[in-house]
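Participant: Below is a structure I'd like to ask you about.
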Amino acid sequence: MRQIVAKTVLHRDVGGDCAAMHTRCSQSRVDRGAAANHCCVAMMKAAVMSGYGAPSVLALRDVSAPAPKDDEILVRVRASTVSSGDARVRAANFPGGFEVIARLVFGWTKPRQPVLGVDVAGVVEAVGKTVVDFRPGDEVFGMSGMGMGAHAELCVISSKGCIARKPAGLSFEQSAALTFGGTTVLDFFRRARLARGERVLVNGASGAVGVAAIQLAKHLGAHVTAVCSARNFELVESLGADQVIDYNARDFADGREQWDVVMDTVGNTPYRRSKRALRDRGRLLLVLATLRDIVTAPWFSWTSKHRVIAGPVEERREYVETLAELAREGRIRAVIDQEFALERIAEAHAVVDSGRKRGSVVLRVS
Ligand SMILES: NC(=O)c1ccc[n+]([C@@H]2O[C@H](COP(=O)([O-])OP(=O)(O)OC[C@H]3O[C@@H](n4cnc5c(N)ncnc54)[C@H](OP(=O)(O)O)[C@@H]3O)[C@@H](O)[C@H]2O)c1
């Protein structure tokens, strides 16, 4: 197994406070130097959140590196994204009804895990004792799950989690940009049992989830209508959209047209609005749903000719494997709005906060 020391900290660097440093070290993986006058501490750079709030709560800091448990892999992160999910947690801007639940999960007054980031693309640095699927040196991409922590030089991921080998022809940045939207869409399309020849409408078609939805729906043989602002028509058509609707010019739910599947990534299409846009046996996919939407979904599904599907997505390894295969075959491509170095983390969050990003905002980490 490779040594996981990210940076050597000399005795004099810590003002002689070796004992304090060693205490901290023993909580993470440490390789203490043989020489009496220095310590080798696994340290790394990470974008750390001091509390909930504006992007300015984020700053680059030196923190102790994580160590993989027996069934985990340690990844040297080359690229990640600032997803809409990261921006939500940073701002404590949770969907309606989730405010208390989310704070119980993420931390009441400040985040329990101060390093955000779920999308990971990088190189396996070290593996736990029981890991057989990956070896140091493997190029991988996937998601770190609820543990987050990808906005750092090193990140741990369960070896059985949502992680796969990165296709050789795809950069780390492209791989990271595919993951958040791609896995979300694959999970919702699986639950909706999207079939060849069906008509799909994607509301919010130019965001990370939207650009994945257009491409994956086309791959599955659907007819796709993209709803976005006029400035994004060219983008969504280049991804395969058959029809585009400018939300500033027309309400897709005006009853003039119907679809088999309506996917809402914006949060302005609850069932009471979208039912006019659904064919019989149509499915409404509420990617952004309030607690009320989730609780009432089974009721609408039971009492109407439609099905409402809402709630968090599962992170399955098969999703990243599918994305890798489709990207390798050139059937899907990453859409990157902008790339930022890790030290520009606050600027990256500000772009995501605008609510107008195209595809993904990528972080170049190391
Ligand atoms: N259920 C889950 O587990 C799950 C998983 C992933 C994501 N999500 C949620 O899904 C949402 C979407 O994520 P994302 O990353 O795709 O967001 P995003 O990238 O920020 O999407 C922004 C896009 O929405 C479009 N938009 C804004 N207002 C619109 C309107 N009124 N009508 C149509 N389009 C509009 C914008 O296009 P224009 O610039 O053209 O306006 C922009 O391209 C987020 O809220 C996220 O939290 C949920």
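Chain labels run A, B, ... following the order of the structure tokens; each chain numbers its residues from 1, and ligands are numbered from 1 in the order shown.
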Can you tell me which residues come within 8 Å of ligand 1 when counting only C-alpha atoms and all ligand atoms, ideally as an MDAnalysis selection string?
Facilitator: chainID A and resid 83:85 88 95 180:181 184 203:211 227:232 246:248 265:268 286:289 310:314 352:360
Participant: Next, the residues of the selection above should be written as a short mmCIF file (atom, residue, chain, number, x, y, z; two decimals), in the first residue's frame with C-alpha atoms.
Facilitator:
```cif
data_model
loop_
_atom_site.label_atom_id
_atom_site.label_comp_id
_atom_site.auth_asym_id
_atom_site.auth_seq_id
_atom_site.Cartn_x
_atom_site.Cartn_y
_atom_site.Cartn_z
CA SER A 83 -23.22 20.78 -7.55
CA SER A 84 -26.54 22.39 -6.75
CA GLY A 85 -26.58 19.97 -3.78
CA ARG A 88 -27.79 23.96 -0.95
CA PRO A 95 -36.31 22.16 -0.09
CA PHE A 180 -24.25 14.25 -10.40
CA GLY A 181 -26.73 14.77 -13.23
CA THR A 184 -29.81 11.34 -10.78
CA ASN A 203 -38.11 21.31 -17.27
CA GLY A 204 -34.78 22.97 -16.44
CA ALA A 205 -33.10 21.26 -19.38
CA SER A 206 -29.84 23.23 -19.32
CA GLY A 207 -28.73 22.44 -15.74
CA ALA A 208 -26.61 19.47 -14.63
CA VAL A 209 -29.61 17.16 -14.34
CA GLY A 210 -31.28 18.57 -17.46
CA VAL A 211 -28.37 18.04 -19.87
CA VAL A 227 -37.75 23.65 -21.43
CA CYS A 228 -35.17 26.38 -20.82
CA SER A 229 -34.53 30.04 -21.59
CA ALA A 230 -33.81 31.08 -25.19
CA ARG A 231 -30.08 31.55 -24.52
CA ASN A 232 -29.78 27.78 -24.04
CA ASP A 246 -38.80 28.94 -23.85
CA TYR A 247 -40.35 29.13 -20.38
CA ASN A 248 -40.54 32.92 -20.73
CA THR A 265 -35.57 19.92 -12.01
CA VAL A 266 -36.68 23.48 -11.18
CA GLY A 267 -39.25 22.96 -8.43
CA ASN A 268 -42.07 24.96 -10.04
CA LEU A 286 -40.04 15.60 -9.20
CA VAL A 287 -36.26 15.79 -8.99
CA LEU A 288 -36.61 18.87 -6.81
CA ALA A 289 -39.45 18.10 -4.41
CA ALA A 310 -40.15 12.00 -5.90
CA GLY A 311 -37.50 11.66 -3.23
CA PRO A 312 -33.75 11.23 -2.95
CA VAL A 313 -31.87 9.19 -5.52
CA GLU A 314 -30.01 5.98 -4.77
CA VAL A 352 -23.97 27.77 -8.90
CA ASP A 353 -25.98 30.13 -6.66
CA SER A 354 -27.02 32.11 -9.76
CA GLY A 355 -29.34 29.20 -10.65
CA ARG A 356 -28.39 29.69 -14.30
CA LYS A 357 -25.42 27.39 -14.77
CA ARG A 358 -25.19 25.27 -17.90
CA GLY A 359 -24.37 21.68 -16.99
CA SER A 360 -21.70 21.48 -14.27
#
```
Participant: Please provide as a PyMOL selection string all residues within 8 Å of Thr290 of chain A, with the sequence filter that same-chain residues fewer than 5 positions apart are discarded (counting only C-alpha atoms).
Facilitator: chain A and resi 95-98
Participant: Take the residues from that selection and write them out as a compact mmCIF listing (two decimals), in the first residue's frame, keeping N, CA and C atoms.
Facilitator:
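File part28.txt, as written:
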```txt
# COMPACT_ATOMS: atom_id res chain seq x y z
N PRO A 95 -34.94 22.11 0.45
CA PRO A 95 -36.31 22.16 -0.09
C PRO A 95 -37.35 22.24 1.03
N GLY A 96 -38.48 22.89 0.72
CA GLY A 96 -39.53 23.16 1.70
C GLY A 96 -39.89 21.94 2.54
N GLY A 97 -39.93 22.12 3.86
CA GLY A 97 -40.31 21.04 4.76
C GLY A 97 -39.11 20.23 5.25
N PHE A 98 -37.93 20.40 4.60
CA PHE A 98 -36.76 19.61 4.98
C PHE A 98 -35.82 20.37 5.91
```
Participant: I'd like to know which residues of segment 120-176 of chain A are alpha helix (DSSP H) (by DSSP, run on the backbone); could you write them as a PyMOL selection string?
Facilitator: chain A and resi 172-176
Participant: One decimal, Å: what's the distance from atom CA of Ala65 of chain A over to atom CA of Ala42 of chain A, could you say?
Facilitator: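 Spanning atom CA of Ala65 of chain A to atom CA of Ala42 of chain A is a straight-line distance of 5.4 Å.
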Participant: As a PyMOL selection string, which residues of segment 79-178 of chain A does DSSP assign to strand (DSSP E or B)?
Facilitator: chain A and resi 79-82+115+119-127+139-143+152+154-158+163-165
Participant: For the selection just defined, write its residues with N, CA and C atoms to a file, as a PDB file, in the first residue's frame.
Facilitator:
```
ATOM      1  N   ALA A  79     -10.452  16.065  -9.865  1.00  0.00           N
ATOM      2  CA  ALA A  79     -11.529  17.006 -10.202  1.00  0.00           C
ATOM      3  C   ALA A  79     -12.787  16.637  -9.431  1.00  0.00           C
ATOM      4  N   SER A  80     -13.585  17.660  -9.176  1.00  0.00           N
ATOM      5  CA  SER A  80     -14.900  17.464  -8.557  1.00  0.00           C
ATOM      6  C   SER A  80     -15.827  18.496  -9.188  1.00  0.00           C
ATOM      7  N   THR A  81     -17.028  18.621  -8.669  1.00  0.00           N
ATOM      8  CA  THR A  81     -17.902  19.706  -9.128  1.00  0.00           C
ATOM      9  C   THR A  81     -18.459  20.413  -7.904  1.00  0.00           C
ATOM     10  N   VAL A  82     -18.897  21.647  -8.104  1.00  0.00           N
ATOM     11  CA  VAL A  82     -19.768  22.271  -7.108  1.00  0.00           C
ATOM     12  C   VAL A  82     -21.169  22.047  -7.650  1.00  0.00           C
ATOM     13  N   VAL A 115     -16.235  19.806   4.910  1.00  0.00           N
ATOM     14  CA  VAL A 115     -15.710  19.735   3.539  1.00  0.00           C
ATOM     15  C   VAL A 115     -16.804  19.142   2.642  1.00  0.00           C
ATOM     16  N   ASP A 119     -19.123  14.646  -6.041  1.00  0.00           N
ATOM     17  CA  ASP A 119     -18.547  14.087  -7.269  1.00  0.00           C
ATOM     18  C   ASP A 119     -17.033  13.988  -7.122  1.00  0.00           C
ATOM     19  N   VAL A 120     -16.488  12.840  -7.491  1.00  0.00           N
ATOM     20  CA  VAL A 120     -15.050  12.610  -7.368  1.00  0.00           C
ATOM     21  C   VAL A 120     -14.519  12.015  -8.658  1.00  0.00           C
ATOM     22  N   ALA A 121     -13.431  12.573  -9.164  1.00  0.00           N
ATOM     23  CA  ALA A 121     -12.675  11.902 -10.235  1.00  0.00           C
ATOM     24  C   ALA A 121     -11.210  12.019  -9.848  1.00  0.00           C
ATOM     25  N   GLY A 122     -10.516  10.888  -9.805  1.00  0.00           N
ATOM     26  CA  GLY A 122      -9.130  10.942  -9.356  1.00  0.00           C
ATOM     27  C   GLY A 122      -8.445   9.597  -9.447  1.00  0.00           C
ATOM     28  N   VAL A 123      -7.370   9.476  -8.690  1.00  0.00           N
ATOM     29  CA  VAL A 123      -6.522   8.283  -8.757  1.00  0.00           C
ATOM     30  C   VAL A 123      -6.489   7.630  -7.374  1.00  0.00           C
ATOM     31  N   VAL A 124      -6.667   6.305  -7.351  1.00  0.00           N
ATOM     32  CA  VAL A 124      -6.643   5.587  -6.060  1.00  0.00           C
ATOM     33  C   VAL A 124      -5.238   5.689  -5.468  1.00  0.00           C
ATOM     34  N   GLU A 125      -5.194   6.203  -4.251  1.00  0.00           N
ATOM     35  CA  GLU A 125      -3.910   6.425  -3.573  1.00  0.00           C
ATOM     36  C   GLU A 125      -3.579   5.234  -2.668  1.00  0.00           C
ATOM     37  N   ALA A 126      -4.615   4.720  -2.008  1.00  0.00           N
ATOM     38  CA  ALA A 126      -4.416   3.606  -1.072  1.00  0.00           C
ATOM     39  C   ALA A 126      -5.746   2.892  -0.906  1.00  0.00           C
ATOM     40  N   VAL A 127      -5.670   1.626  -0.498  1.00  0.00           N
ATOM     41  CA  VAL A 127      -6.916   0.867  -0.311  1.00  0.00           C
ATOM     42  C   VAL A 127      -6.913   0.205   1.064  1.00  0.00           C
ATOM     43  N   GLU A 139      -7.479   4.801 -12.102  1.00  0.00           N
ATOM     44  CA  GLU A 139      -8.186   6.074 -12.325  1.00  0.00           C
ATOM     45  C   GLU A 139      -9.682   5.801 -12.184  1.00  0.00           C
ATOM     46  N   VAL A 140     -10.337   6.526 -11.293  1.00  0.00           N
ATOM     47  CA  VAL A 140     -11.734   6.227 -10.961  1.00  0.00           C
ATOM     48  C   VAL A 140     -12.579   7.504 -10.993  1.00  0.00           C
ATOM     49  N   PHE A 141     -13.889   7.319 -11.059  1.00  0.00           N
ATOM     50  CA  PHE A 141     -14.802   8.444 -10.837  1.00  0.00           C
ATOM     51  C   PHE A 141     -16.079   7.921 -10.206  1.00  0.00           C
ATOM     52  N   GLY A 142     -16.774   8.803  -9.507  1.00  0.00           N
ATOM     53  CA  GLY A 142     -18.005   8.375  -8.841  1.00  0.00           C
ATOM     54  C   GLY A 142     -18.427   9.384  -7.804  1.00  0.00           C
ATOM     55  N   MET A 143     -19.070   8.869  -6.734  1.00  0.00           N
ATOM     56  CA  MET A 143     -19.620   9.764  -5.719  1.00  0.00           C
ATOM     57  C   MET A 143     -19.203   9.321  -4.326  1.00  0.00           C
ATOM     58  N   ALA A 152     -11.350  18.360  -1.604  1.00  0.00           N
ATOM     59  CA  ALA A 152     -10.099  18.227  -0.859  1.00  0.00           C
ATOM     60  C   ALA A 152      -9.149  17.378  -1.695  1.00  0.00           C
ATOM     61  N   LEU A 154      -7.581  14.710  -0.848  1.00  0.00           N
ATOM     62  CA  LEU A 154      -7.794  13.274  -0.633  1.00  0.00           C
ATOM     63  C   LEU A 154      -9.198  13.045  -0.074  1.00  0.00           C
ATOM     64  N   CYS A 155      -9.811  11.955  -0.516  1.00  0.00           N
ATOM     65  CA  CYS A 155     -11.200  11.694  -0.116  1.00  0.00           C
ATOM     66  C   CYS A 155     -11.384  10.180   0.010  1.00  0.00           C
ATOM     67  N   VAL A 156     -12.147   9.732   1.001  1.00  0.00           N
ATOM     68  CA  VAL A 156     -12.387   8.293   1.129  1.00  0.00           C
ATOM     69  C   VAL A 156     -13.777   7.940   0.578  1.00  0.00           C
ATOM     70  N   ILE A 157     -13.846   6.783  -0.065  1.00  0.00           N
ATOM     71  CA  ILE A 157     -15.106   6.300  -0.650  1.00  0.00           C
ATOM     72  C   ILE A 157     -15.213   4.815  -0.350  1.00  0.00           C
ATOM     73  N   SER A 158     -16.442   4.360  -0.073  1.00  0.00           N
ATOM     74  CA  SER A 158     -16.642   2.924   0.131  1.00  0.00           C
ATOM     75  C   SER A 158     -16.310   2.194  -1.183  1.00  0.00           C
ATOM     76  N   ILE A 163     -18.805   3.969  -7.492  1.00  0.00           N
ATOM     77  CA  ILE A 163     -17.474   4.306  -8.009  1.00  0.00           C
ATOM     78  C   ILE A 163     -17.101   3.305  -9.100  1.00  0.00           C
ATOM     79  N   ALA A 164     -16.483   3.805 -10.165  1.00  0.00           N
ATOM     80  CA  ALA A 164     -16.121   2.930 -11.290  1.00  0.00           C
ATOM     81  C   ALA A 164     -14.817   3.420 -11.899  1.00  0.00           C
ATOM     82  N   ARG A 165     -14.249   2.594 -12.776  1.00  0.00           N
ATOM     83  CA  ARG A 165     -13.019   3.018 -13.454  1.00  0.00           C
ATOM     84  C   ARG A 165     -13.346   4.098 -14.474  1.00  0.00           C
TER      85      ARG A 165
END
```
Participant: What are the nearest atom pairs, with distances in Å to one decimal, for all residues of segment 225-308 of chain A that come at most 12 Å from segment 322-346 of chain A, using only C-alpha atoms, set out by chain and rising residue number as a tab-separated table?
Facilitator:
```
residue	atom	partner	partner_atom	distance
A:Asn232	CA	A:Asp337	CA	11.8
A:Leu235	CA	A:Val335	CA	9.1
A:Val236	CA	A:Val335	CA	10.4
A:Ser238	CA	A:Arg333	CA	10.7
A:Leu239	CA	A:Ile332	CA	8.3
A:Gly240	CA	A:Ile332	CA	10.1
```
Participant: To one decimal place in Å, what is the distance between atom CA of Val261 of chain A and atom CA of Leu285 of chain A?
Facilitator: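 Going from atom CA of Val261 of chain A over to atom CA of Leu285 of chain A covers 7.3 Å.
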Participant: Using only C-alpha atoms, determine which residues lie at most 9 Å from Ile309 of chain A, disregarding the query and same-chain residues fewer than 4 positions distant; provide the list as an mmCIF file with N, CA and C atoms, in the first residue's frame.
Facilitator:
```cif
data_model
loop_
_atom_site.group_PDB
_atom_site.id
_atom_site.type_symbol
_atom_site.label_atom_id
_atom_site.label_comp_id
_atom_site.auth_asym_id
_atom_site.auth_seq_id
_atom_site.Cartn_x
_atom_site.Cartn_y
_atom_site.Cartn_z
ATOM 1 N N PHE A 188 -34.043 8.190 -11.700
ATOM 2 C CA PHE A 188 -35.444 8.578 -11.957
ATOM 3 C C PHE A 188 -36.007 7.846 -13.178
ATOM 4 N N ARG A 191 -36.924 4.350 -12.154
ATOM 5 C CA ARG A 191 -38.166 4.295 -11.375
ATOM 6 C C ARG A 191 -39.389 4.561 -12.262
ATOM 7 N N ALA A 192 -39.200 5.383 -13.320
ATOM 8 C CA ALA A 192 -40.328 5.727 -14.204
ATOM 9 C C ALA A 192 -40.535 4.684 -15.295
ATOM 10 N N ARG A 283 -46.004 9.896 -16.144
ATOM 11 C CA ARG A 283 -45.263 9.943 -14.870
ATOM 12 C C ARG A 283 -44.642 11.322 -14.690
ATOM 13 N N LEU A 284 -44.828 11.860 -13.484
ATOM 14 C CA LEU A 284 -44.204 13.140 -13.126
ATOM 15 C C LEU A 284 -42.998 12.842 -12.239
ATOM 16 N N LEU A 285 -41.824 13.268 -12.683
ATOM 17 C CA LEU A 285 -40.602 13.016 -11.919
ATOM 18 C C LEU A 285 -40.175 14.310 -11.243
ATOM 19 N N LEU A 286 -40.377 14.384 -9.945
ATOM 20 C CA LEU A 286 -40.040 15.600 -9.200
ATOM 21 C C LEU A 286 -38.623 15.456 -8.637
ATOM 22 N N VAL A 287 -37.654 15.878 -9.442
ATOM 23 C CA VAL A 287 -36.259 15.793 -8.994
ATOM 24 C C VAL A 287 -36.059 16.749 -7.820
ATOM 25 N N ILE A 294 -43.375 14.955 -1.652
ATOM 26 C CA ILE A 294 -42.994 13.549 -1.451
ATOM 27 C C ILE A 294 -44.095 12.790 -0.710
ATOM 28 N N ALA A 297 -47.156 12.286 -3.033
ATOM 29 C CA ALA A 297 -46.938 11.544 -4.288
ATOM 30 C C ALA A 297 -47.725 10.220 -4.334
ATOM 31 N N PRO A 298 -47.674 9.385 -3.283
ATOM 32 C CA PRO A 298 -48.422 8.115 -3.349
ATOM 33 C C PRO A 298 -49.927 8.354 -3.493
ATOM 34 N N SER A 301 -50.686 9.243 -7.072
ATOM 35 C CA SER A 301 -50.468 8.047 -7.897
ATOM 36 C C SER A 301 -51.648 7.074 -7.739
#
```
Participant: Just want the 6 Å neighbourhood of Met44 of chain A, counted on only C-alpha atoms, with same-chain residues fewer than 6 positions away dropped. Output as JSON, numbers by chain.
Facilitator: {"A": [6, 62, 63, 65, 153]}
Participant: Would you list the contacts of Ala46 of chain A as an NGL selection string, taking every protein, DNA or RNA residue within 6 Å and counting only C-alpha atoms, but skipping same-chain residues closer than 2 positions in sequence?
Facilitator: :A and (48 or 60-61 or 151-152)
